[in-house]
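> Pasting protein.cif here (mmCIF, C-alpha atoms and all ligand atoms):
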```
data_query
loop_
_atom_site.label_atom_id
_atom_site.label_comp_id
_atom_site.auth_asym_id
_atom_site.auth_seq_id
_atom_site.Cartn_x
_atom_site.Cartn_y
_atom_site.Cartn_z
CA MET G 1 7.68 35.32 -5.17
CA LYS G 2 9.02 36.28 -1.79
CA TYR G 3 9.72 33.71 0.87
CA ARG G 4 7.61 35.52 3.39
CA ASP G 5 4.64 35.87 1.03
CA LEU G 6 4.53 32.11 0.61
CA GLN G 7 4.72 31.65 4.39
CA ILE G 8 7.17 28.81 3.92
CA GLN G 9 7.76 26.74 7.05
CA THR G 10 10.75 24.45 6.79
CA GLN G 11 11.47 21.76 9.36
CA ARG G 12 14.74 20.38 10.64
CA GLU G 13 13.50 16.85 11.18
CA ALA G 14 11.68 14.44 8.93
CA PRO G 15 8.09 13.81 10.06
CA ASN G 16 7.83 10.50 11.86
CA ASN G 17 5.06 9.32 9.56
CA ALA G 18 7.29 9.62 6.46
CA ARG G 19 7.52 6.34 4.63
CA THR G 20 9.67 7.59 1.74
CA GLU G 21 12.51 10.12 1.55
CA GLY G 22 10.67 12.10 -1.11
CA PHE G 23 7.68 12.64 1.15
CA ALA G 24 9.94 13.48 4.09
CA PHE G 25 11.71 16.21 2.10
CA LEU G 26 8.46 17.64 0.73
CA VAL G 27 7.29 18.09 4.32
CA ARG G 28 10.65 19.38 5.59
CA ALA G 29 10.93 21.86 2.70
CA GLY G 30 7.42 23.13 3.31
CA TYR G 31 5.63 21.88 0.19
CA LEU G 32 3.29 19.56 2.09
CA THR G 33 1.95 19.31 5.60
CA ARG G 34 2.54 16.06 7.48
CA GLU G 35 -1.05 15.23 6.58
CA ASN G 36 -0.11 15.33 2.88
CA THR G 37 -1.95 18.59 2.21
CA PRO G 38 -0.20 21.04 -0.10
CA THR G 39 0.88 24.30 1.52
CA GLN G 40 0.98 27.59 -0.36
CA LEU G 41 4.36 26.61 -1.80
CA GLY G 42 2.92 23.19 -2.65
CA GLU G 43 -0.09 24.69 -4.40
CA TYR G 44 2.18 27.04 -6.32
CA THR G 45 4.28 24.04 -7.41
CA LEU G 46 1.23 21.98 -8.41
CA ASP G 47 0.00 24.87 -10.50
CA HIS G 48 3.43 25.12 -12.11
CA LEU G 49 3.48 21.37 -12.88
CA ASN G 50 -0.03 21.55 -14.27
CA LYS G 51 1.09 24.19 -16.76
CA LEU G 52 4.18 22.18 -17.68
CA SER G 53 2.90 18.72 -17.68
CA SER G 54 3.93 16.46 -20.38
CA ASP G 55 5.97 13.41 -19.47
CA ALA G 56 8.83 14.59 -21.64
CA THR G 57 9.54 17.58 -19.45
CA LEU G 58 9.04 15.94 -16.06
CA SER G 59 12.43 14.17 -15.80
CA LEU G 60 10.81 11.05 -14.38
CA SER G 61 11.28 7.43 -15.15
CA THR G 62 7.73 6.17 -15.52
CA LEU G 63 5.76 3.20 -16.80
CA GLY G 64 2.54 3.45 -18.66
CA ASN G 65 0.11 2.70 -21.39
CA GLU G 66 -2.02 4.93 -23.57
CA HIS G 67 -4.45 5.57 -20.70
CA GLU G 68 -2.30 5.99 -17.61
CA THR G 69 1.19 6.79 -16.41
CA PHE G 70 2.58 5.14 -13.27
CA PHE G 71 5.59 5.84 -11.06
CA PRO G 72 7.05 2.84 -9.20
CA ILE G 73 7.38 3.50 -5.47
CA THR G 74 7.37 1.02 -2.60
CA THR G 75 4.53 2.84 -0.84
CA GLY G 76 2.38 3.00 -3.98
CA ASN G 77 -1.25 2.00 -3.71
CA ILE G 78 -1.69 0.76 -7.29
CA GLU G 79 -0.21 -2.56 -8.36
CA VAL G 80 0.70 -2.92 -12.01
CA ALA G 81 1.95 -5.76 -14.15
CA HIS G 82 4.94 -4.66 -16.21
CA CYS G 83 6.97 -6.42 -18.86
CA PRO G 84 10.63 -5.35 -18.67
CA SER G 85 11.16 -6.61 -22.23
CA CYS G 86 8.41 -5.01 -24.30
CA LYS G 87 7.21 -2.48 -21.65
CA TYR G 88 3.63 -3.78 -21.60
CA THR G 89 2.06 -2.11 -18.54
CA GLU G 90 -1.41 -2.53 -17.10
CA ARG G 91 -3.14 -2.37 -13.74
CA LEU G 92 -2.71 -5.78 -12.14
CA GLU G 93 -6.40 -6.60 -12.02
CA LEU G 94 -6.82 -5.87 -15.74
CA ALA G 95 -3.51 -7.13 -17.08
CA GLN G 96 -3.56 -9.92 -19.63
CA PHE G 97 -1.09 -12.75 -19.90
CA GLN G 98 -0.43 -15.82 -21.99
CA LYS G 99 -2.11 -18.82 -20.42
CA THR G 100 -0.74 -22.27 -20.96
CA ALA G 101 -3.27 -25.08 -21.25
CA LEU G 102 -2.28 -28.50 -19.93
CA PRO G 103 -1.69 -31.16 -22.60
CA GLN G 104 -4.96 -32.25 -24.22
CA GLU G 105 -6.45 -35.52 -22.90
CA ALA G 106 -9.28 -37.85 -23.88
CA GLN G 107 -12.41 -37.07 -21.87
CA LEU G 108 -13.07 -39.59 -19.09
CA SER G 109 -16.40 -40.40 -17.43
CA VAL G 110 -17.64 -38.31 -14.53
CA GLU G 111 -17.24 -40.05 -11.21
CA LYS G 112 -18.57 -38.87 -7.85
CA ILE G 113 -16.15 -39.39 -4.99
CA SER G 114 -16.21 -38.76 -1.27
CA THR G 115 -13.92 -35.86 -0.30
CA PRO G 116 -14.58 -35.03 3.35
CA ASP G 117 -12.99 -31.79 4.66
CA CYS G 118 -11.94 -30.74 1.14
CA ASN G 119 -13.71 -27.39 0.91
CA THR G 120 -10.67 -25.54 -0.43
CA ILE G 121 -8.69 -26.09 -3.62
CA GLU G 122 -5.53 -26.72 -1.54
CA ALA G 123 -7.18 -29.38 0.60
CA LEU G 124 -8.74 -31.01 -2.45
CA ALA G 125 -5.51 -31.12 -4.47
CA ASN G 126 -3.59 -32.47 -1.45
CA SER G 127 -6.18 -35.10 -0.68
CA LEU G 128 -6.36 -36.38 -4.27
CA ASN G 129 -2.63 -35.84 -4.82
CA ILE G 130 -3.20 -33.85 -8.02
CA PRO G 131 -1.92 -30.43 -9.10
CA LYS G 132 -4.27 -27.46 -8.55
CA GLU G 133 -4.29 -27.06 -12.34
CA LYS G 134 -6.47 -30.17 -12.54
CA THR G 135 -9.24 -28.64 -10.44
CA ALA G 136 -12.01 -26.15 -11.22
CA LYS G 137 -12.41 -23.27 -8.78
CA ALA G 138 -15.91 -21.92 -8.22
CA LEU G 139 -16.87 -18.38 -7.17
CA MET G 140 -20.40 -17.16 -6.61
CA TYR G 141 -21.70 -13.62 -6.95
CA THR G 142 -24.93 -11.74 -7.38
CA ARG G 143 -25.25 -9.06 -10.03
CA ILE G 144 -26.36 -5.78 -8.48
CA SER G 145 -28.47 -4.56 -11.41
CA ASP G 146 -30.86 -7.51 -11.70
CA GLY G 147 -30.09 -9.80 -8.75
CA LYS G 148 -28.92 -12.54 -11.12
CA PHE G 149 -26.89 -15.36 -9.51
CA ILE G 150 -23.47 -15.53 -11.16
CA PHE G 151 -21.41 -18.71 -11.11
CA VAL G 152 -17.75 -18.24 -12.08
CA VAL G 153 -15.25 -20.99 -12.91
CA VAL G 154 -11.49 -20.51 -13.21
CA ARG G 155 -8.78 -23.13 -13.18
CA GLY G 156 -7.86 -24.10 -9.62
CA ASP G 157 -4.35 -22.66 -9.76
CA MET G 158 -5.64 -19.20 -10.69
CA GLN G 159 -7.39 -16.33 -8.96
CA ALA G 160 -10.36 -14.64 -10.58
CA SER G 161 -10.05 -10.90 -11.11
CA GLU G 162 -13.16 -9.11 -9.89
CA ALA G 163 -12.26 -6.18 -12.13
CA LYS G 164 -12.36 -8.43 -15.19
CA LEU G 165 -15.64 -9.93 -13.96
CA ARG G 166 -17.11 -6.44 -13.61
CA GLN G 167 -16.04 -5.63 -17.15
CA GLN G 168 -18.10 -8.62 -18.34
CA LEU G 169 -21.03 -8.41 -15.96
CA GLY G 170 -21.37 -4.96 -14.46
CA ASP G 171 -21.29 -4.46 -10.71
CA ILE G 172 -21.39 -7.60 -8.56
CA ARG G 173 -21.22 -8.58 -4.90
CA ALA G 174 -20.55 -11.87 -3.11
CA ALA G 175 -23.62 -14.12 -3.12
CA THR G 176 -25.33 -14.69 0.23
CA ALA G 177 -25.75 -18.20 1.71
CA GLU G 178 -29.44 -18.00 0.89
CA GLU G 179 -28.79 -17.09 -2.76
CA ILE G 180 -26.28 -19.93 -3.05
CA ALA G 181 -28.75 -22.44 -1.59
CA ARG G 182 -31.55 -21.20 -3.87
CA SER G 183 -29.38 -21.98 -6.91
CA ARG G 184 -28.70 -25.48 -5.51
CA ALA G 185 -24.98 -24.83 -5.16
CA VAL G 186 -23.03 -25.84 -2.04
CA ALA G 187 -20.24 -23.55 -0.92
CA GLY G 188 -16.91 -25.34 -0.76
CA TYR G 189 -18.26 -28.12 -2.99
CA ALA G 190 -19.81 -26.06 -5.79
CA SER G 191 -19.77 -26.63 -9.52
CA PRO G 192 -21.86 -25.41 -12.45
CA ILE G 193 -23.20 -28.93 -12.99
CA GLY G 194 -26.83 -29.13 -11.88
CA LEU G 195 -27.08 -25.45 -11.14
CA LYS G 196 -30.49 -23.76 -11.23
CA ASN G 197 -31.07 -20.27 -12.61
CA GLY G 198 -27.46 -19.16 -12.59
CA LEU G 199 -25.50 -17.23 -15.19
CA ILE G 200 -22.35 -19.28 -15.79
CA VAL G 201 -19.15 -17.44 -16.63
CA VAL G 202 -15.90 -19.31 -17.27
CA ASP G 203 -12.32 -18.28 -17.84
CA ASP G 204 -11.19 -18.89 -21.41
CA LEU G 205 -8.80 -21.60 -20.22
CA ILE G 206 -11.66 -23.80 -18.95
CA PRO G 207 -12.91 -25.01 -22.37
CA GLN G 208 -9.32 -26.11 -23.11
CA SER G 209 -8.95 -28.07 -19.87
CA GLN G 210 -10.13 -31.67 -19.71
CA ASN G 211 -11.06 -33.88 -16.78
CA LEU G 212 -11.06 -31.26 -14.04
CA VAL G 213 -12.13 -32.11 -10.51
CA ALA G 214 -15.14 -29.99 -9.57
CA GLY G 215 -17.62 -29.84 -6.70
CA ALA G 216 -20.62 -32.16 -6.69
CA ASN G 217 -22.91 -29.54 -5.09
CA GLU G 218 -23.11 -31.87 -2.12
CA THR G 219 -21.14 -31.41 1.08
CA GLY G 220 -18.18 -33.77 1.22
CA TYR G 221 -18.32 -34.83 -2.43
CA HIS G 222 -16.55 -33.90 -5.67
CA LEU G 223 -16.81 -34.99 -9.29
CA LEU G 224 -13.80 -36.35 -11.13
CA ASN G 225 -13.39 -35.72 -14.87
CA THR G 226 -15.74 -32.82 -15.48
CA ASN G 227 -15.51 -31.40 -18.98
CA TYR G 228 -16.74 -28.13 -20.36
CA LYS G 229 -19.35 -28.48 -23.12
CA ARG G 230 -20.09 -32.14 -22.34
CA ASP G 231 -21.15 -31.53 -18.71
CA TYR G 232 -22.05 -27.83 -18.69
CA THR G 233 -21.77 -24.72 -20.83
CA ALA G 234 -21.39 -21.06 -20.03
CA GLU G 235 -23.14 -17.90 -21.18
CA ILE G 236 -19.83 -16.04 -21.11
CA ILE G 237 -16.31 -17.28 -21.87
CA ALA G 238 -13.72 -14.57 -21.22
CA ASP G 239 -10.33 -13.83 -19.73
CA LEU G 240 -11.11 -13.68 -16.01
CA ALA G 241 -7.85 -14.75 -14.41
CA GLN G 242 -5.69 -12.39 -12.41
CA VAL G 243 -2.07 -12.13 -13.49
CA LYS G 244 0.72 -12.81 -11.00
CA ALA G 245 4.46 -12.12 -11.05
CA GLY G 246 6.25 -14.42 -13.47
CA ASP G 247 3.25 -15.03 -15.74
CA ALA G 248 4.04 -14.74 -19.45
CA CYS G 249 3.60 -11.30 -21.05
CA VAL G 250 0.63 -11.21 -23.41
CA ASN G 251 2.73 -9.52 -26.10
CA CYS G 252 6.16 -11.14 -25.93
CA GLY G 253 5.92 -14.07 -23.52
CA ASN G 254 8.64 -12.86 -21.15
CA PRO G 255 7.92 -12.98 -17.41
CA LEU G 256 5.87 -10.10 -16.04
CA SER G 257 6.90 -8.15 -12.93
CA VAL G 258 4.43 -6.83 -10.39
CA LEU G 259 5.23 -3.35 -9.05
CA SER G 260 3.72 -0.98 -6.51
CA THR G 261 3.13 2.41 -8.10
CA ILE G 262 1.28 5.69 -7.85
CA VAL G 263 -0.75 7.02 -10.75
CA LEU G 264 0.61 10.23 -12.23
CA THR G 265 -2.14 10.82 -14.78
CA LYS G 266 -4.01 13.95 -13.71
CA ASN G 267 -2.61 13.67 -10.18
CA PHE G 268 -0.16 16.48 -9.57
CA VAL G 269 0.37 15.68 -5.90
CA ASN G 270 1.60 12.25 -7.00
CA ILE G 271 3.76 13.86 -9.70
CA MET G 272 5.30 16.11 -7.04
CA LEU G 273 5.97 13.05 -4.86
CA ALA G 274 7.53 11.18 -7.78
CA LEU G 275 9.76 14.17 -8.53
CA ALA G 276 10.85 14.45 -4.89
CA GLU G 277 11.53 10.72 -4.78
CA THR G 278 13.64 10.97 -7.93
CA HIS G 279 15.42 14.25 -7.26
CA HIS G 280 16.87 14.63 -3.77
CA ASP G 281 20.13 14.22 -1.90
CA ASP G 282 20.85 14.09 1.83
CA LYS G 283 20.31 17.85 2.23
CA GLY G 284 17.00 18.25 0.45
CA LEU G 285 15.32 18.39 -2.92
CA THR G 286 17.31 18.83 -6.11
CA LEU G 287 14.50 19.65 -8.51
CA PRO G 288 15.81 20.36 -12.00
CA HIS G 289 14.68 23.02 -14.41
CA PRO G 290 11.89 23.14 -15.55
CA VAL G 291 10.04 21.14 -12.89
CA ALA G 292 11.31 23.20 -9.94
CA PRO G 293 8.71 25.78 -8.92
CA PHE G 294 11.47 28.40 -9.02
CA ASP G 295 14.69 28.33 -10.96
CA VAL G 296 16.53 30.66 -8.63
CA TYR G 297 16.72 30.90 -4.85
CA LEU G 298 17.86 34.46 -4.25
CA MET G 299 19.10 35.47 -0.80
CA HIS G 300 21.12 38.15 0.91
CA LEU G 301 23.41 37.93 3.90
CA PRO G 302 22.85 40.96 6.14
CA GLY G 303 25.83 43.35 5.85
CA LYS G 304 27.45 45.81 8.23
CA GLU G 305 28.33 48.55 5.74
CA LEU G 306 26.38 47.79 2.58
CA ASP G 307 22.64 47.30 2.15
CA THR G 308 22.73 43.78 0.72
CA ARG G 309 18.98 43.43 0.99
CA ALA G 310 18.35 46.43 -1.26
CA LYS G 311 20.80 45.03 -3.82
CA ALA G 312 19.14 41.62 -3.67
CA GLU G 313 15.75 43.21 -4.17
CA GLU G 314 17.10 45.05 -7.19
CA LEU G 315 18.31 41.75 -8.62
CA TYR G 316 14.95 40.18 -7.81
CA TYR G 317 13.18 42.65 -10.07
CA ALA G 318 15.87 42.35 -12.74
CA MET G 319 15.42 38.56 -12.82
CA GLN G 320 11.67 38.87 -12.93
CA SER G 321 11.82 41.22 -15.88
CA ALA G 322 14.09 38.67 -17.60
CA ASP G 323 11.38 35.99 -17.07
CA ILE G 324 13.44 34.04 -14.58
CA SER G 325 11.28 32.45 -11.89
CA VAL G 326 12.80 33.42 -8.58
CA LEU G 327 12.10 32.83 -4.92
CA PHE G 328 13.50 35.73 -2.90
CA ASP G 329 14.44 34.83 0.66
CA ASP G 330 14.09 38.33 2.05
CA ARG G 331 14.34 37.33 5.70
CA ASP G 332 17.05 38.74 7.93
CA GLU G 333 18.02 35.25 9.07
CA ARG G 334 21.46 33.85 9.73
CA ALA G 335 23.37 32.57 6.70
CA GLY G 336 23.27 28.96 7.89
CA VAL G 337 19.48 28.94 8.23
CA LYS G 338 19.02 30.36 4.74
CA PHE G 339 21.54 28.03 3.11
CA ASN G 340 19.78 25.07 4.73
CA ASP G 341 16.40 26.22 3.52
CA ALA G 342 17.74 26.78 0.01
CA ASP G 343 19.04 23.21 -0.02
CA LEU G 344 15.76 21.84 1.31
CA ILE G 345 13.53 23.68 -1.15
CA GLY G 346 15.80 22.61 -3.97
CA CYS G 347 15.70 25.31 -6.66
CA SER G 348 18.36 24.55 -9.23
CA ILE G 349 20.34 27.79 -8.77
CA ARG G 350 21.13 29.73 -5.61
CA VAL G 351 22.25 33.37 -5.84
CA THR G 352 23.67 34.93 -2.69
CA VAL G 353 24.26 38.65 -2.21
CA GLY G 354 26.90 39.13 0.48
CA GLU G 355 28.80 42.16 1.63
CA LYS G 356 32.27 40.87 0.81
CA GLY G 357 31.46 40.03 -2.80
CA LEU G 358 29.34 43.07 -3.32
CA LYS G 359 32.29 45.33 -2.49
CA GLU G 360 33.93 43.85 -5.58
CA GLY G 361 30.68 44.08 -7.58
CA MET G 362 30.16 40.33 -7.37
CA VAL G 363 27.48 37.93 -6.19
CA GLU G 364 27.78 34.22 -5.53
CA LEU G 365 26.10 31.68 -7.80
CA LYS G 366 25.78 28.04 -6.78
CA LEU G 367 24.13 25.23 -8.67
CA ARG G 368 22.14 23.01 -6.31
CA THR G 369 23.79 19.82 -7.54
CA VAL G 370 27.34 21.18 -7.73
CA LYS G 371 29.47 21.69 -4.64
CA GLU G 372 31.50 24.74 -5.68
CA ASN G 373 30.31 28.34 -5.80
CA GLN G 374 31.24 30.77 -8.51
CA LEU G 375 31.52 34.54 -8.25
CA VAL G 376 29.66 36.39 -10.96
CA ALA G 377 29.67 40.11 -11.69
CA VAL G 378 26.36 41.63 -10.67
CA ASP G 379 25.86 42.96 -14.18
CA ASN G 380 26.24 39.48 -15.69
CA ILE G 381 24.11 37.49 -13.30
CA VAL G 382 20.94 37.35 -15.43
CA GLU G 383 22.92 36.24 -18.45
CA LYS G 384 24.75 33.61 -16.38
CA ILE G 385 21.48 32.21 -14.97
CA ASN G 386 19.99 31.95 -18.44
CA PHE G 387 23.10 30.11 -19.56
CA HIS G 388 22.63 27.48 -16.82
CA LEU G 389 18.93 27.08 -17.53
CA LYS G 390 19.49 26.25 -21.19
ZN ZN V 401 6.34 -8.25 -23.07
#
```
Starting from the coordinates I provided, produce the structure as structure tokens.
Ligand SMILES: [Zn+2]


Amino acid sequence: MKYRDLQIQTQREAPNNARTEGFAFLVRAGYLTRENTPTQLGEYTLDHLNKLSSDATLSLSTLGNEHETFFPITTGNIEVAHCPSCKYTERLELAQFQKTALPQEAQLSVEKISTPDCNTIEALANSLNIPKEKTAKALMYTRISDGKFIFVVVRGDMQASEAKLRQQLGDIRAATAEEIARSRAVAGYASPIGLKNGLIVVDDLIPQSQNLVAGANETGYHLLNTNYKRDYTAEIIADLAQVKAGDACVNCGNPLSVLSTIVLTKNFVNIMLALAETHHDDKGLTLPHPVAPFDVYLMHLPGKELDTRAKAEELYYAMQSADISVLFDDRDERAGVKFNDADLIGCSIRVTVGEKGLKEGMVELKLRTVKENQLVAVDNIVEKINFHLK
């Protein structure tokens, strides 16, 4: 490929919307527009990655499970739970964890008590001076497919995962005030006890938890000592709780971390971003072989006596016939501009044809991640490149 054919547009400054260095360099090097759209060079790179892609060859440190691969990045839009010990990885909303039931207790009698202004778990636990673990949290939904009222109970210290609910129930939405009233529940003071026509779904920790405080389905009142099975039963008992950082890994019990990531599976723009994030220095990208779209950045420095461009073009065809992927910067630009662009675009090898070297039959070879140049005889350059790509 020739630089001009790809219409590469490099930029001196990072775009002001760049939130990571990798993205900034992809824009500056002309792989992406500021709006995150691949340019011609970007499309060429995505196509290259698509042909390559297997995690083994991508030189990335990723997390994953058998379904998906994730790359941790602060700006990532997908949260995952990850176990640093056994490497268990799952999207946060679907991740499982080991739940610890409170010590078993004898079941006490239900008692209705006045709890004014206690329409949240926090207010209730504070008012009764009990831990949130001793309360039952109620959530109310309506199933989209059949309009069924869904009443969900999780322990008060936990959040319900809507993704896990959907796995059990199909698509759901929040219940309306009218639907809640029709089922004789009272928002803020709701419990499954005395419910009419609802499908009750409880987290698997609820049957193991005795004497929970639950709503009385009457504004300003709660019930002490509610017990699953004795006071109500559920149609579905399942894992519904959302994991949080520090919860025990489902496999090994060690604390789980929560990380922001991007999904790499079948998303080559994200793979390109992960590569840029992993492989750059202060001058630009440092993409290694074989992920770099081109292995060689070939350029000439305009000469006064010798036709360096013609020699570079000759080398360009020689490299192509040797199956070396090469980007030929055939512009008559100043040396500094071309060196900067070579650093930004980040091919692993730069070959420079200059008049001084050429007089001695030499060209300059520089590895992107090594400071020093080496002079290589023109006749040996293909062999030397192949040596470095091994
Ligand atoms: Zn683990």

> Find the spatial neighbours of Glu355 in chain G, counting only C-alpha atoms, within a cut-off of 10 Å - ignore same-chain residues fewer than 4 positions away - and output them as a ChimeraX atom specification.

/G:300-309,359-363

> Counting only C-alpha atoms, which of G:Val291, G:Ala95, G:Leu315, G:Leu102 gets nearest to Asp379 in chain G?

G:Leu315

> Hey, which of G:Thr176, G:Thr233, G:Asn251, G:Ser61 ends up closest to ligand ZN 401 (chain V)? Count only C-alpha atoms and all ligand atoms.

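For ligand ZN 401 (chain V), the nearest of the given residues is G:Asn251.
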
> Between G:His67, G:Arg34, G:Lys338, G:Lys87, which residue has the minimum interatomic distance to ligand ZN 401 (chain V), considering only C-alpha atoms and all ligand atoms?

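Checking each candidate against ligand ZN 401 (chain V), we get G:Lys87 as the closest.
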
> Taking 5 positions as the minimum chain separation for residues in the same chain, which residues sit within 7 Å of Ser325 in chain G when counting all atoms listed in the file? Answer as a list in words.

Phe294, Asp295, Val296 and Gln320 of chain G

> Could you list, as a VMD selection string, all the residues within 7 Å of ligand ZN 401 (chain V), counting all atoms listed in the file?

chain G and resid 83 to 88 249 to 254

> Please complete range 179-190 of chain G with N, CA, C and O atoms and give it back as a compact mmCIF listing (two decimals), in the frame of the given file.


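Result file follows (out_18.txt):
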```txt
# COMPACT_ATOMS: atom_id res chain seq x y z
N GLU G 179 -28.82 -17.12 -1.29
CA GLU G 179 -28.79 -17.09 -2.76
C GLU G 179 -28.08 -18.32 -3.32
O GLU G 179 -28.48 -18.88 -4.34
N ILE G 180 -27.02 -18.74 -2.61
CA ILE G 180 -26.28 -19.93 -3.05
C ILE G 180 -27.19 -21.17 -2.94
O ILE G 180 -27.31 -21.96 -3.88
N ALA G 181 -27.87 -21.28 -1.81
CA ALA G 181 -28.75 -22.44 -1.59
C ALA G 181 -29.88 -22.46 -2.62
O ALA G 181 -30.25 -23.52 -3.14
N ARG G 182 -30.44 -21.29 -2.92
CA ARG G 182 -31.55 -21.20 -3.87
C ARG G 182 -31.14 -21.68 -5.26
O ARG G 182 -31.94 -22.19 -6.03
N SER G 183 -29.85 -21.53 -5.60
CA SER G 183 -29.38 -21.98 -6.91
C SER G 183 -28.88 -23.42 -6.86
O SER G 183 -28.28 -23.90 -7.82
N ARG G 184 -29.07 -24.06 -5.71
CA ARG G 184 -28.70 -25.48 -5.51
C ARG G 184 -27.20 -25.71 -5.57
O ARG G 184 -26.73 -26.80 -5.91
N ALA G 185 -26.43 -24.66 -5.27
CA ALA G 185 -24.98 -24.83 -5.16
C ALA G 185 -24.65 -25.05 -3.69
O ALA G 185 -25.44 -24.71 -2.81
N VAL G 186 -23.47 -25.62 -3.42
CA VAL G 186 -23.03 -25.84 -2.04
C VAL G 186 -21.63 -25.25 -1.90
O VAL G 186 -20.69 -25.70 -2.56
N ALA G 187 -21.53 -24.23 -1.08
CA ALA G 187 -20.24 -23.55 -0.92
C ALA G 187 -19.17 -24.54 -0.48
O ALA G 187 -19.41 -25.38 0.37
N GLY G 188 -18.00 -24.43 -1.09
CA GLY G 188 -16.91 -25.34 -0.76
C GLY G 188 -16.95 -26.61 -1.62
O GLY G 188 -15.92 -27.28 -1.78
N TYR G 189 -18.12 -26.92 -2.15
CA TYR G 189 -18.26 -28.12 -2.99
C TYR G 189 -19.10 -27.78 -4.23
O TYR G 189 -19.89 -28.58 -4.71
N ALA G 190 -18.92 -26.55 -4.74
CA ALA G 190 -19.81 -26.06 -5.79
C ALA G 190 -19.26 -26.33 -7.18
O ALA G 190 -18.04 -26.33 -7.39
```
